[in-house]
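Comments concern the structure below.
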Amino acid sequence: MKAKSSQAEKKSYAKAEERVAYLPLARKYRPKSLEELLGQPHVTATLGKAIDTGRIGQAYLFAGQRGVGKTSAARILAKALNCANGPTPTPCQRCPSCQAIASGTSLDVIEIDGASNRGIEDIRALRETVKFSPTQGAYRIYIIDEVHQITHDAFNALLKTLEEPPAHVKFIFATTVPQKVPPTILSRCQRFDFRRLETKTLVEALSRIAKQEQIAVEEAALYAIARASEGSLRDAEVILEQLVSFSEGRIGEDDVTQLLGAVEHDVVRTLTHALLEHEAGAALTLLTQQLQQGKEPAQVLGSLLTHLRNLLILRIADKGPDSPLVSQLIDLPAEAVAALKKQAARTSPEELLVMSQLLTGAYELIRRSPFAQTVLELTLIRLATRESWASIEQLIERLEQLARAPKPVPVIRGAAAAIIEPEAEEPEPMTEAPTEAGAISLEQLLSRWPQVLECIAKQKMSMAAYLAEAKPMSLSGACVSIGLPAFALHQEVLSAPDSLRLLEQALETICGCALKVTYTVLP
């Protein structure tokens, strides 16, 4: 019995040691040298040459979004400076100094969290330690993460030491918000801005990790992870690690969307197909399914807007789906891009642009409206029934005419400058007496309504699209009633203070008199 108990204990201890020894992917695959630092060639090249030539700064500021390698670069630089073979841009990774820095136990490399050590007393304590010489390497290096969290007084206390540090002291600051670092500190640092990692770079890195970890994952899933990480390698590694526990067997794109609560790409493509084919019922059915699965209306709209944007890029790209513009701007595998190209061929850039403008106008409304689902449903119905938009083509034609119209020519007369308008067709003269002094008749307003739309389109095309089917209904003194289609979305968007102000300004510009706008429903 004792032997069996002893064997069980050994297995238990072995499992416990396994759990303790396990390293998350983000730590296991942290870059150890400048060559391994992904997506930052401007940083690695500059630091490597500076170390080679001995032009090592007294302080560095690494700025950029989370998970792009700022802290890793700081540790690599510390190893490069304190390596037994250094300073060298290629630390050996084997000497006691390199190993101590990698494990976080080096006495010469002090890592400080700026969020929890942000007060003036913390900086005063730091200043007391800078006078001590390094124990192993050539330098005593202070790495302060999230340095923007340090208080103003603490920055002032650090300023003198940063300006004239001892020869054996180097400072490396990392921050996601460089604009919050005082200019007096910035002027004493060499600044490096870390770039957001491209989707292709993230996919390649995740593919290498999956291969080494023997994780079966589809290419479409890698692209979905890369998009969700928003340029952060650490976030991408964390998501991949979650998926290993979440999925069973090979990781697919549907596993990523289920884990993250995103809208599947195939669903968005099918929804777009329904809108392009004027199938309002199919579009509403797909929307309802997504909402029942827990998706938010703003999330569905955002995914649809991104999809239309990708279609528009494909329509305006000159060299097809393999052009640099497409590969740079569309974060999808080649098969998905090919499917997008087929869908893009079914529409026109003008139609995609108008649809995108309508979705953009509805986005903010959906985010703040208590009836977000209803607003999104109305928006999809509006898009699916666009064949009834009798004036869309007319509106586009008017915008093109405006683009071709000659511009005002500046003429200098004496000491004064004036703008001389080119000759143009005069608006139709007002033959009927206005209802009151300085006002305009309804007939005259109707004749000038196309010019009002053109004036609005110059500043806000989406608003002109909403007004495309509207028309003045009645005029009482200085108050005009504008008839709108029976859509709640039109009422809410056009009733916003900025929209009302823009419409009233256009009316005053075209009609020559101030008019107050109210809305009604078209019969």
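The chains in the structure tokens are called A, B, ... from first to last as shown; in each chain the residues are counted from 1, and the ligands are counted from 1 in the order shown.
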
Inset, instruction - Once DSSP has gone over the backbone, tell me which residues of region 3-196 of chain A are in strand (DSSP E or B), as a PyMOL selection string. - result: chain A and resi 59-63+109-113+140-145+169-175+190-193

Take the residues from that selection and write them out as an mmCIF file, in the first residue's frame, keeping C-alpha atoms.
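Produced file selection-v3.cif, reproduced below:
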```cif
data_model
loop_
_atom_site.group_PDB
_atom_site.id
_atom_site.type_symbol
_atom_site.label_atom_id
_atom_site.label_comp_id
_atom_site.auth_asym_id
_atom_site.auth_seq_id
_atom_site.Cartn_x
_atom_site.Cartn_y
_atom_site.Cartn_z
ATOM 1 C CA ALA A 59 18.543 57.869 -21.899
ATOM 2 C CA TYR A 60 16.115 56.195 -24.315
ATOM 3 C CA LEU A 61 12.339 56.491 -24.664
ATOM 4 C CA PHE A 62 10.505 53.586 -26.292
ATOM 5 C CA ALA A 63 6.967 54.638 -27.275
ATOM 6 C CA VAL A 109 19.320 46.102 -14.349
ATOM 7 C CA ILE A 110 16.563 47.611 -12.210
ATOM 8 C CA GLU A 111 13.046 47.365 -13.677
ATOM 9 C CA ILE A 112 10.558 49.814 -12.191
ATOM 10 C CA ASP A 113 6.804 49.981 -12.714
ATOM 11 C CA ARG A 140 23.770 50.200 -14.153
ATOM 12 C CA ILE A 141 20.561 50.337 -16.184
ATOM 13 C CA TYR A 142 17.157 51.590 -15.037
ATOM 14 C CA ILE A 143 14.127 50.430 -17.048
ATOM 15 C CA ILE A 144 10.981 52.378 -16.115
ATOM 16 C CA ASP A 145 7.815 50.948 -17.676
ATOM 17 C CA VAL A 169 24.150 54.806 -15.544
ATOM 18 C CA LYS A 170 21.690 54.443 -18.446
ATOM 19 C CA PHE A 171 17.921 55.063 -18.413
ATOM 20 C CA ILE A 172 15.402 53.283 -20.650
ATOM 21 C CA PHE A 173 11.795 54.501 -20.471
ATOM 22 C CA ALA A 174 8.783 52.726 -22.017
ATOM 23 C CA THR A 175 5.343 54.251 -22.483
ATOM 24 C CA GLN A 190 16.586 59.403 -27.707
ATOM 25 C CA ARG A 191 13.041 58.555 -28.763
ATOM 26 C CA PHE A 192 12.044 55.431 -30.698
ATOM 27 C CA ASP A 193 8.446 55.022 -31.863
#
```

Inset, instruction - Excluding Thr385 (chain A) and residues on its chain fewer than 6 positions from it, collect all residues at most 9 Å away from it, counting only C-alpha atoms, and give them as a list in words. - result: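 These residues fall inside the cut-off: Leu275, His278, Glu279 and Ala280 of chain A.
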
Legend entry - Residue contacts of Glu253 (chain A) (9 Å, only C-alpha atoms) excluding same-chain residues fewer than 5 positions away, as a VMD selection string: chain A and resid 217 to 225 258 264 to 265

Writer output for current selection, C-alpha atoms, as a PDB file, in the first residue's frame:
```pdb
ATOM      1  CA  VAL A 217      -4.559  25.843 -36.784  1.00  0.00           C
ATOM      2  CA  GLU A 218      -6.091  27.036 -40.065  1.00  0.00           C
ATOM      3  CA  GLU A 219      -4.667  30.029 -41.921  1.00  0.00           C
ATOM      4  CA  ALA A 220      -8.028  31.840 -41.743  1.00  0.00           C
ATOM      5  CA  ALA A 221      -7.940  31.445 -37.949  1.00  0.00           C
ATOM      6  CA  LEU A 222      -4.445  32.986 -37.819  1.00  0.00           C
ATOM      7  CA  TYR A 223      -5.707  36.001 -39.777  1.00  0.00           C
ATOM      8  CA  ALA A 224      -8.706  36.302 -37.442  1.00  0.00           C
ATOM      9  CA  ILE A 225      -6.387  36.241 -34.413  1.00  0.00           C
ATOM     10  CA  GLN A 258     -16.857  32.081 -30.822  1.00  0.00           C
ATOM     11  CA  GLU A 264     -17.780  35.540 -38.666  1.00  0.00           C
ATOM     12  CA  HIS A 265     -16.421  36.723 -42.000  1.00  0.00           C
TER      13      HIS A 265
END
```

Inset, instruction - Choose the residue, out of A:Ala154, A:Asp52, A:His168, A:Tyr519, that has the smallest atom-to-atom separation from Asp108 (chain A); count only C-alpha atoms. - result: A:His168

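For the atom pair formed by CA of Cys98 (chain A) and CA of Leu37 (chain A), the distance is 16.8 Å, given to one decimal.
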
Inset, instruction - Pick out the residues sitting within 12 Å of Gly64 (chain A), and hand them over as a list in words; count only C-alpha atoms, and ignore anything fewer than 3 positions along from it in its own chain. - result: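 The filter keeps Gln40, Val43, Leu61, Gly67, Val68, Gly69, Lys70, Thr71, Ala73, Asp145, Glu146, Phe173, Ala174, Thr175, Thr176, Val177, Pro178, Gln179, Arg191, Phe192, Asp193, Phe194, Arg195, Arg196, Leu197, Gly231 and Ser232 of chain A.
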
Legend entry - Proximity to Ser348 (chain A) - best of A:Ile313, A:Thr90, A:Leu475, A:Lys32, only C-alpha atoms: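 Of A:Ile313, A:Thr90, A:Leu475, A:Lys32, the one nearest Ser348 (chain A) is A:Ile313, counting only C-alpha atoms.
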
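A straight line drawn from CA of Ala115 (chain A) to CA of Gln149 (chain A) is 5.2 Å long.
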
Inset, instruction - Could you give me, as a PyMOL selection string, each residue of region 216-352 of chain A that DSSP assigns to helix (DSSP H, G or I) when run on this structure's backbone? - result: chain A and resi 219-229+233-246+253-260+265-276+280-292+297-316+324-329+334-344+349-352

Legend entry - Nearby residues (only C-alpha atoms) at most 9 Å from region 288-293 of chain A, same-chain spacing under 4 positions excluded, as a list of chain:residue names: A:Gly261, A:Val263, A:Val267, A:Ala283, A:Leu284, A:Pro297, A:Val300, A:Gln373

Please dump the current selection as a PDB file, in the first residue's frame; keep N, CA, C and O atoms.
```
ATOM      1  N   GLY A 261     -16.292  36.426 -29.515  1.00  0.00           N
ATOM      2  CA  GLY A 261     -17.595  37.045 -29.717  1.00  0.00           C
ATOM      3  C   GLY A 261     -17.654  37.911 -30.947  1.00  0.00           C
ATOM      4  O   GLY A 261     -18.477  38.830 -31.025  1.00  0.00           O
ATOM      5  N   VAL A 263     -18.032  38.671 -35.206  1.00  0.00           N
ATOM      6  CA  VAL A 263     -18.937  38.265 -36.282  1.00  0.00           C
ATOM      7  C   VAL A 263     -18.114  37.541 -37.339  1.00  0.00           C
ATOM      8  O   VAL A 263     -17.101  38.066 -37.810  1.00  0.00           O
ATOM      9  N   VAL A 267     -20.429  35.190 -42.461  1.00  0.00           N
ATOM     10  CA  VAL A 267     -21.738  35.779 -42.155  1.00  0.00           C
ATOM     11  C   VAL A 267     -21.820  37.190 -42.713  1.00  0.00           C
ATOM     12  O   VAL A 267     -22.834  37.585 -43.317  1.00  0.00           O
ATOM     13  N   ALA A 283     -31.574  39.645 -45.118  1.00  0.00           N
ATOM     14  CA  ALA A 283     -30.674  40.459 -44.300  1.00  0.00           C
ATOM     15  C   ALA A 283     -31.155  40.526 -42.852  1.00  0.00           C
ATOM     16  O   ALA A 283     -30.368  40.399 -41.907  1.00  0.00           O
ATOM     17  N   LEU A 284     -32.474  40.712 -42.659  1.00  0.00           N
ATOM     18  CA  LEU A 284     -33.031  40.765 -41.301  1.00  0.00           C
ATOM     19  C   LEU A 284     -32.914  39.413 -40.599  1.00  0.00           C
ATOM     20  O   LEU A 284     -32.675  39.356 -39.382  1.00  0.00           O
ATOM     21  N   PRO A 297     -25.500  45.167 -31.721  1.00  0.00           N
ATOM     22  CA  PRO A 297     -25.797  45.825 -33.004  1.00  0.00           C
ATOM     23  C   PRO A 297     -24.629  46.634 -33.551  1.00  0.00           C
ATOM     24  O   PRO A 297     -24.343  46.582 -34.755  1.00  0.00           O
ATOM     25  N   VAL A 300     -22.101  44.286 -35.178  1.00  0.00           N
ATOM     26  CA  VAL A 300     -22.511  43.813 -36.503  1.00  0.00           C
ATOM     27  C   VAL A 300     -22.328  44.921 -37.533  1.00  0.00           C
ATOM     28  O   VAL A 300     -21.802  44.695 -38.629  1.00  0.00           O
ATOM     29  N   GLN A 373     -31.177  48.037 -31.862  1.00  0.00           N
ATOM     30  CA  GLN A 373     -31.565  46.963 -32.779  1.00  0.00           C
ATOM     31  C   GLN A 373     -32.534  47.472 -33.840  1.00  0.00           C
ATOM     32  O   GLN A 373     -32.394  47.169 -35.027  1.00  0.00           O
TER      33      GLN A 373
END
```

Legend entry - Ser72 (chain A) environment, 10 Å, only C-alpha atoms, sequence neighbours closer than 5 positions dropped, as a ChimeraX atom specification: /A:30-34,37,67,77-78,102

Could you list, as a PDB file with all heavy atoms, in the first residue's frame, every residue within 12 Å of Asn156 (chain A), counting only C-alpha atoms and ignoring same-chain residues fewer than 3 positions away?
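File written: out_1.pdb
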```
ATOM      1  N   ARG A 118       5.411  55.922  -8.602  1.00  0.00           N
ATOM      2  CA  ARG A 118       5.245  57.166  -9.352  1.00  0.00           C
ATOM      3  C   ARG A 118       5.467  58.427  -8.537  1.00  0.00           C
ATOM      4  O   ARG A 118       5.473  59.528  -9.080  1.00  0.00           O
ATOM      5  CB  ARG A 118       3.830  57.199  -9.939  1.00  0.00           C
ATOM      6  CG  ARG A 118       2.719  57.142  -8.910  1.00  0.00           C
ATOM      7  CD  ARG A 118       1.379  56.815  -9.563  1.00  0.00           C
ATOM      8  NE  ARG A 118       1.028  57.770 -10.586  1.00  0.00           N
ATOM      9  CZ  ARG A 118       0.280  58.852 -10.378  1.00  0.00           C
ATOM     10  NH1 ARG A 118      -0.186  59.102  -9.155  1.00  0.00           N
ATOM     11  NH2 ARG A 118      -0.003  59.667 -11.359  1.00  0.00           N
ATOM     12  N   GLY A 119       5.647  58.295  -7.220  1.00  0.00           N
ATOM     13  CA  GLY A 119       5.748  59.476  -6.368  1.00  0.00           C
ATOM     14  C   GLY A 119       7.150  60.035  -6.270  1.00  0.00           C
ATOM     15  O   GLY A 119       8.140  59.417  -6.689  1.00  0.00           O
ATOM     16  N   ILE A 120       7.239  61.212  -5.691  1.00  0.00           N
ATOM     17  CA  ILE A 120       8.535  61.880  -5.576  1.00  0.00           C
ATOM     18  C   ILE A 120       9.472  61.133  -4.642  1.00  0.00           C
ATOM     19  O   ILE A 120      10.694  61.100  -4.844  1.00  0.00           O
ATOM     20  CB  ILE A 120       8.338  63.347  -5.107  1.00  0.00           C
ATOM     21  CG1 ILE A 120       9.651  64.125  -5.216  1.00  0.00           C
ATOM     22  CG2 ILE A 120       7.757  63.398  -3.707  1.00  0.00           C
ATOM     23  CD1 ILE A 120       9.503  65.599  -5.001  1.00  0.00           C
ATOM     24  N   GLU A 121       8.934  60.454  -3.620  1.00  0.00           N
ATOM     25  CA  GLU A 121       9.773  59.683  -2.704  1.00  0.00           C
ATOM     26  C   GLU A 121      10.414  58.496  -3.423  1.00  0.00           C
ATOM     27  O   GLU A 121      11.556  58.134  -3.150  1.00  0.00           O
ATOM     28  CB  GLU A 121       8.949  59.199  -1.511  1.00  0.00           C
ATOM     29  CG  GLU A 121       8.443  60.328  -0.604  1.00  0.00           C
ATOM     30  CD  GLU A 121       9.594  61.161  -0.028  1.00  0.00           C
ATOM     31  OE1 GLU A 121      10.669  60.571   0.242  1.00  0.00           O
ATOM     32  OE2 GLU A 121       9.428  62.373   0.130  1.00  0.00           O
ATOM     33  N   ILE A 123      11.256  58.393  -6.595  1.00  0.00           N
ATOM     34  CA  ILE A 123      12.316  58.907  -7.462  1.00  0.00           C
ATOM     35  C   ILE A 123      13.516  59.345  -6.621  1.00  0.00           C
ATOM     36  O   ILE A 123      14.673  59.170  -7.036  1.00  0.00           O
ATOM     37  CB  ILE A 123      11.797  60.063  -8.320  1.00  0.00           C
ATOM     38  CG1 ILE A 123      10.648  59.560  -9.215  1.00  0.00           C
ATOM     39  CG2 ILE A 123      12.895  60.655  -9.177  1.00  0.00           C
ATOM     40  CD1 ILE A 123      11.022  58.406 -10.119  1.00  0.00           C
ATOM     41  N   ARG A 124      13.246  59.894  -5.448  1.00  0.00           N
ATOM     42  CA  ARG A 124      14.371  60.259  -4.571  1.00  0.00           C
ATOM     43  C   ARG A 124      15.162  59.022  -4.145  1.00  0.00           C
ATOM     44  O   ARG A 124      16.401  59.052  -4.082  1.00  0.00           O
ATOM     45  CB  ARG A 124      13.846  61.003  -3.343  1.00  0.00           C
ATOM     46  CG  ARG A 124      13.453  62.451  -3.632  1.00  0.00           C
ATOM     47  CD  ARG A 124      12.831  63.101  -2.420  1.00  0.00           C
ATOM     48  NE  ARG A 124      12.499  64.503  -2.679  1.00  0.00           N
ATOM     49  CZ  ARG A 124      11.740  65.259  -1.887  1.00  0.00           C
ATOM     50  NH1 ARG A 124      11.216  64.725  -0.771  1.00  0.00           N
ATOM     51  NH2 ARG A 124      11.502  66.511  -2.192  1.00  0.00           N
ATOM     52  N   ILE A 150       4.357  58.596 -13.883  1.00  0.00           N
ATOM     53  CA  ILE A 150       5.095  59.318 -12.850  1.00  0.00           C
ATOM     54  C   ILE A 150       4.527  60.728 -12.704  1.00  0.00           C
ATOM     55  O   ILE A 150       4.175  61.385 -13.688  1.00  0.00           O
ATOM     56  CB  ILE A 150       6.597  59.363 -13.198  1.00  0.00           C
ATOM     57  CG1 ILE A 150       7.183  57.958 -13.130  1.00  0.00           C
ATOM     58  CG2 ILE A 150       7.358  60.284 -12.267  1.00  0.00           C
ATOM     59  CD1 ILE A 150       8.641  57.877 -13.508  1.00  0.00           C
ATOM     60  N   THR A 151       4.444  61.210 -11.467  1.00  0.00           N
ATOM     61  CA  THR A 151       3.856  62.530 -11.209  1.00  0.00           C
ATOM     62  C   THR A 151       4.779  63.642 -11.703  1.00  0.00           C
ATOM     63  O   THR A 151       5.978  63.432 -11.941  1.00  0.00           O
ATOM     64  CB  THR A 151       3.599  62.715  -9.718  1.00  0.00           C
ATOM     65  OG1 THR A 151       4.854  62.702  -9.020  1.00  0.00           O
ATOM     66  CG2 THR A 151       2.707  61.602  -9.164  1.00  0.00           C
ATOM     67  N   HIS A 152       4.202  64.827 -11.813  1.00  0.00           N
ATOM     68  CA  HIS A 152       4.962  65.985 -12.296  1.00  0.00           C
ATOM     69  C   HIS A 152       6.127  66.301 -11.366  1.00  0.00           C
ATOM     70  O   HIS A 152       7.256  66.563 -11.824  1.00  0.00           O
ATOM     71  CB  HIS A 152       4.025  67.194 -12.406  1.00  0.00           C
ATOM     72  CG  HIS A 152       4.706  68.440 -12.901  1.00  0.00           C
ATOM     73  ND1 HIS A 152       5.093  68.599 -14.213  1.00  0.00           N
ATOM     74  CD2 HIS A 152       5.079  69.578 -12.251  1.00  0.00           C
ATOM     75  CE1 HIS A 152       5.666  69.773 -14.365  1.00  0.00           C
ATOM     76  NE2 HIS A 152       5.672  70.397 -13.192  1.00  0.00           N
ATOM     77  N   ASP A 153       5.888  66.265 -10.069  1.00  0.00           N
ATOM     78  CA  ASP A 153       6.967  66.554  -9.111  1.00  0.00           C
ATOM     79  C   ASP A 153       8.057  65.492  -9.178  1.00  0.00           C
ATOM     80  O   ASP A 153       9.245  65.798  -9.046  1.00  0.00           O
ATOM     81  CB  ASP A 153       6.398  66.629  -7.687  1.00  0.00           C
ATOM     82  CG  ASP A 153       5.514  67.855  -7.480  1.00  0.00           C
ATOM     83  OD1 ASP A 153       5.678  68.818  -8.248  1.00  0.00           O
ATOM     84  OD2 ASP A 153       4.669  67.839  -6.567  1.00  0.00           O
ATOM     85  N   LEU A 159      14.809  65.001 -13.170  1.00  0.00           N
ATOM     86  CA  LEU A 159      15.341  65.766 -14.290  1.00  0.00           C
ATOM     87  C   LEU A 159      16.847  65.983 -14.201  1.00  0.00           C
ATOM     88  O   LEU A 159      17.577  65.759 -15.165  1.00  0.00           O
ATOM     89  CB  LEU A 159      14.613  67.109 -14.376  1.00  0.00           C
ATOM     90  CG  LEU A 159      14.900  67.963 -15.615  1.00  0.00           C
ATOM     91  CD1 LEU A 159      14.564  67.186 -16.875  1.00  0.00           C
ATOM     92  CD2 LEU A 159      14.113  69.260 -15.555  1.00  0.00           C
ATOM     93  N   LYS A 160      17.347  66.398 -13.049  1.00  0.00           N
ATOM     94  CA  LYS A 160      18.769  66.703 -12.914  1.00  0.00           C
ATOM     95  C   LYS A 160      19.624  65.458 -13.100  1.00  0.00           C
ATOM     96  O   LYS A 160      20.644  65.484 -13.802  1.00  0.00           O
ATOM     97  CB  LYS A 160      19.027  67.312 -11.532  1.00  0.00           C
ATOM     98  CG  LYS A 160      20.462  67.774 -11.321  1.00  0.00           C
ATOM     99  CD  LYS A 160      20.842  68.890 -12.282  1.00  0.00           C
ATOM    100  CE  LYS A 160      22.252  69.400 -12.006  1.00  0.00           C
ATOM    101  NZ  LYS A 160      22.658  70.434 -12.977  1.00  0.00           N
ATOM    102  N   THR A 161      19.187  64.340 -12.524  1.00  0.00           N
ATOM    103  CA  THR A 161      19.927  63.092 -12.683  1.00  0.00           C
ATOM    104  C   THR A 161      19.907  62.632 -14.136  1.00  0.00           C
ATOM    105  O   THR A 161      20.898  62.119 -14.660  1.00  0.00           O
ATOM    106  CB  THR A 161      19.322  62.002 -11.782  1.00  0.00           C
ATOM    107  OG1 THR A 161      19.340  62.453 -10.429  1.00  0.00           O
ATOM    108  CG2 THR A 161      20.089  60.705 -11.885  1.00  0.00           C
ATOM    109  N   LEU A 162      18.775  62.825 -14.818  1.00  0.00           N
ATOM    110  CA  LEU A 162      18.652  62.415 -16.214  1.00  0.00           C
ATOM    111  C   LEU A 162      19.523  63.273 -17.121  1.00  0.00           C
ATOM    112  O   LEU A 162      20.050  62.802 -18.130  1.00  0.00           O
ATOM    113  CB  LEU A 162      17.184  62.514 -16.646  1.00  0.00           C
ATOM    114  CG  LEU A 162      16.825  61.977 -18.027  1.00  0.00           C
ATOM    115  CD1 LEU A 162      17.117  60.490 -18.112  1.00  0.00           C
ATOM    116  CD2 LEU A 162      15.359  62.243 -18.327  1.00  0.00           C
ATOM    117  N   GLU A 163      19.666  64.536 -16.759  1.00  0.00           N
ATOM    118  CA  GLU A 163      20.452  65.451 -17.584  1.00  0.00           C
ATOM    119  C   GLU A 163      21.951  65.157 -17.478  1.00  0.00           C
ATOM    120  O   GLU A 163      22.667  65.203 -18.484  1.00  0.00           O
ATOM    121  CB  GLU A 163      20.171  66.891 -17.166  1.00  0.00           C
ATOM    122  CG  GLU A 163      20.836  67.913 -18.055  1.00  0.00           C
ATOM    123  CD  GLU A 163      20.420  69.327 -17.710  1.00  0.00           C
ATOM    124  OE1 GLU A 163      19.826  69.536 -16.633  1.00  0.00           O
ATOM    125  OE2 GLU A 163      20.695  70.233 -18.514  1.00  0.00           O
ATOM    126  N   VAL A 181       4.429  62.525 -21.328  1.00  0.00           N
ATOM    127  CA  VAL A 181       5.764  62.707 -20.764  1.00  0.00           C
ATOM    128  C   VAL A 181       6.165  64.165 -20.964  1.00  0.00           C
ATOM    129  O   VAL A 181       6.063  64.685 -22.080  1.00  0.00           O
ATOM    130  CB  VAL A 181       6.776  61.772 -21.449  1.00  0.00           C
ATOM    131  CG1 VAL A 181       8.173  61.970 -20.873  1.00  0.00           C
ATOM    132  CG2 VAL A 181       6.339  60.319 -21.293  1.00  0.00           C
ATOM    133  N   PRO A 182       6.626  64.861 -19.914  1.00  0.00           N
ATOM    134  CA  PRO A 182       6.961  66.296 -20.044  1.00  0.00           C
ATOM    135  C   PRO A 182       8.025  66.537 -21.112  1.00  0.00           C
ATOM    136  O   PRO A 182       8.939  65.716 -21.286  1.00  0.00           O
ATOM    137  CB  PRO A 182       7.488  66.647 -18.650  1.00  0.00           C
ATOM    138  CG  PRO A 182       6.894  65.632 -17.734  1.00  0.00           C
ATOM    139  CD  PRO A 182       6.789  64.384 -18.534  1.00  0.00           C
ATOM    140  N   PRO A 183       7.933  67.659 -21.819  1.00  0.00           N
ATOM    141  CA  PRO A 183       8.931  67.982 -22.851  1.00  0.00           C
ATOM    142  C   PRO A 183      10.350  68.047 -22.302  1.00  0.00           C
ATOM    143  O   PRO A 183      11.306  67.741 -23.027  1.00  0.00           O
ATOM    144  CB  PRO A 183       8.465  69.350 -23.379  1.00  0.00           C
ATOM    145  CG  PRO A 183       7.008  69.404 -23.060  1.00  0.00           C
ATOM    146  CD  PRO A 183       6.836  68.637 -21.787  1.00  0.00           C
ATOM    147  N   THR A 184      10.500  68.440 -21.043  1.00  0.00           N
ATOM    148  CA  THR A 184      11.838  68.522 -20.454  1.00  0.00           C
ATOM    149  C   THR A 184      12.484  67.140 -20.363  1.00  0.00           C
ATOM    150  O   THR A 184      13.711  67.014 -20.454  1.00  0.00           O
ATOM    151  CB  THR A 184      11.763  69.146 -19.053  1.00  0.00           C
ATOM    152  OG1 THR A 184      10.757  68.457 -18.282  1.00  0.00           O
ATOM    153  CG2 THR A 184      11.399  70.611 -19.132  1.00  0.00           C
ATOM    154  N   ILE A 185      11.675  66.096 -20.178  1.00  0.00           N
ATOM    155  CA  ILE A 185      12.186  64.727 -20.144  1.00  0.00           C
ATOM    156  C   ILE A 185      12.436  64.229 -21.569  1.00  0.00           C
ATOM    157  O   ILE A 185      13.469  63.628 -21.869  1.00  0.00           O
ATOM    158  CB  ILE A 185      11.200  63.796 -19.419  1.00  0.00           C
ATOM    159  CG1 ILE A 185      11.000  64.247 -17.952  1.00  0.00           C
ATOM    160  CG2 ILE A 185      11.680  62.349 -19.469  1.00  0.00           C
ATOM    161  CD1 ILE A 185      12.226  64.123 -17.092  1.00  0.00           C
TER     162      ILE A 185
END
```

Legend entry - Nearest-residue call for Asn85 (chain A), choices A:Leu453, A:Ala157, A:Ala138, A:Gly54, using only C-alpha atoms: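 Answer, going by the shortest atom-to-atom distance: A:Ala138.
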
Legend entry - Best match for closeness to Ala236 (chain A) among A:Ala384, A:Leu446, A:Leu206, A:Cys511, counting only C-alpha atoms: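 Ranked by minimum distance to Ala236 (chain A), first place goes to A:Leu206.
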
Inset, instruction - Kindly indicate which residue among A:Leu243, A:Gln214, A:Ala339, A:Ser229 lies nearest to Thr270 (chain A), using only C-alpha atoms for the distances. - result: A:Ala339
